[in-house]
Amino acid sequence: DWMTDNQRCKSRQVGPQMLDMVRSAHEGGIQIAFGTDSGVSAHGDNAREFELYVEAGMSPAEALATATVNASRHVGMDEEIGTIEVGKYADIVAVDGDPLADIAELTDVDFVMKNGVVYVNE
């Protein structure tokens, strides 16, 4: 309902190719960083990308790394972000379950902690 005609057209063209592209890149040792400017998903639904990475052959831990360690390296900020360590920014999200057992847990965030302040998802 929310997509424009152009967005629908784009999603129909590239959607079926995405899993194959991720699978091929992953199998080839390409480091993948989480994120998109695709314009073909509703705002706030981007955590679904984790599920797609797992569907494409990544382990849940590898999928998580795309949004943390890998992403921080890709933007040249791995000294400041990407892992929870003394001296780094450590914004975190919390979920009820174990995302390593079920990556879909990341689609239901219970709270975010940013700069030591907890923001609850109600």
# chains A, B, ... in the order shown; residues from 1 in each chain; ligands from 1

$ select_by_dssp --residues "region 25-86 of chain A" --states "alpha helix (DSSP H)" --output "number ranges by chain"
A: 25-27, 48-55, 60-67, 69-74

$ residues_around --residues "Pro99 (chain A)" --least-positions-apart "2" --cutoff "10 Å" --atoms "only C-alpha atoms" --output "list in words"
Phe50, Pro60, Ala61, Ala63, Leu64, Val95, Asp96, Gly97, Ala101, Asp102, Ile103, Ala104, Glu105, Leu106 and Thr107 of chain A

$ atom_distance --atom1 "CA of Ala71 (chain A)" --atom2 "CA of Thr83 (chain A)"
10.6 Å

$ atom_distance --atom1 "CA of Asp110 (chain A)" --atom2 "CA of Ala94 (chain A)"
5.6 Å

$ closest_residue --among "A:Ile92, A:Ala47, A:Ala33, A:Met3" --to "Val75 (chain A)" --atoms "only C-alpha atoms"
A:Ala33

$ closest_residue --among "A:Ser72, A:Gln13, A:Thr66, A:Gln31" --to "Tyr53 (chain A)" --atoms "only C-alpha atoms"
A:Thr66

$ atom_distance --atom1 "CA of His26 (chain A)" --atom2 "CA of Gly57 (chain A)"
7.8 Å

$ closest_atom_pairs --of "region 82-114 of chain A" --to "region 118-122 of chain A" --cutoff "8 Å" --atoms "only C-alpha atoms" --output "CSV"
residue,atom,partner,partner_atom,distance
A:Val109,CA,A:Asn121,CA,6.8
A:Asp110,CA,A:Asn121,CA,5.2
A:Phe111,CA,A:Val120,CA,4.3
A:Val112,CA,A:Tyr119,CA,5.1
A:Met113,CA,A:Val118,CA,4.3
A:Lys114,CA,A:Val118,CA,6.6

$ closest_residue --among "A:Ala67, A:Met77, A:Leu52, A:Val86" --to "Gly15 (chain A)" --atoms "only C-alpha atoms"
A:Leu52

$ select_by_dssp --residues "region 6-121 of chain A" --states "strand (DSSP E or B)" --output "PyMOL selection string"
chain A and resi 92-94+111-114+117-120

$ residues_around --residues "region 27-29 of chain A" --least-positions-apart "3" --cutoff "10 Å" --atoms "only C-alpha atoms" --output "list in words"
Met21, Val22, Arg23, Ser24, Ile32, Ala56, Gly57 and Met58 of chain A
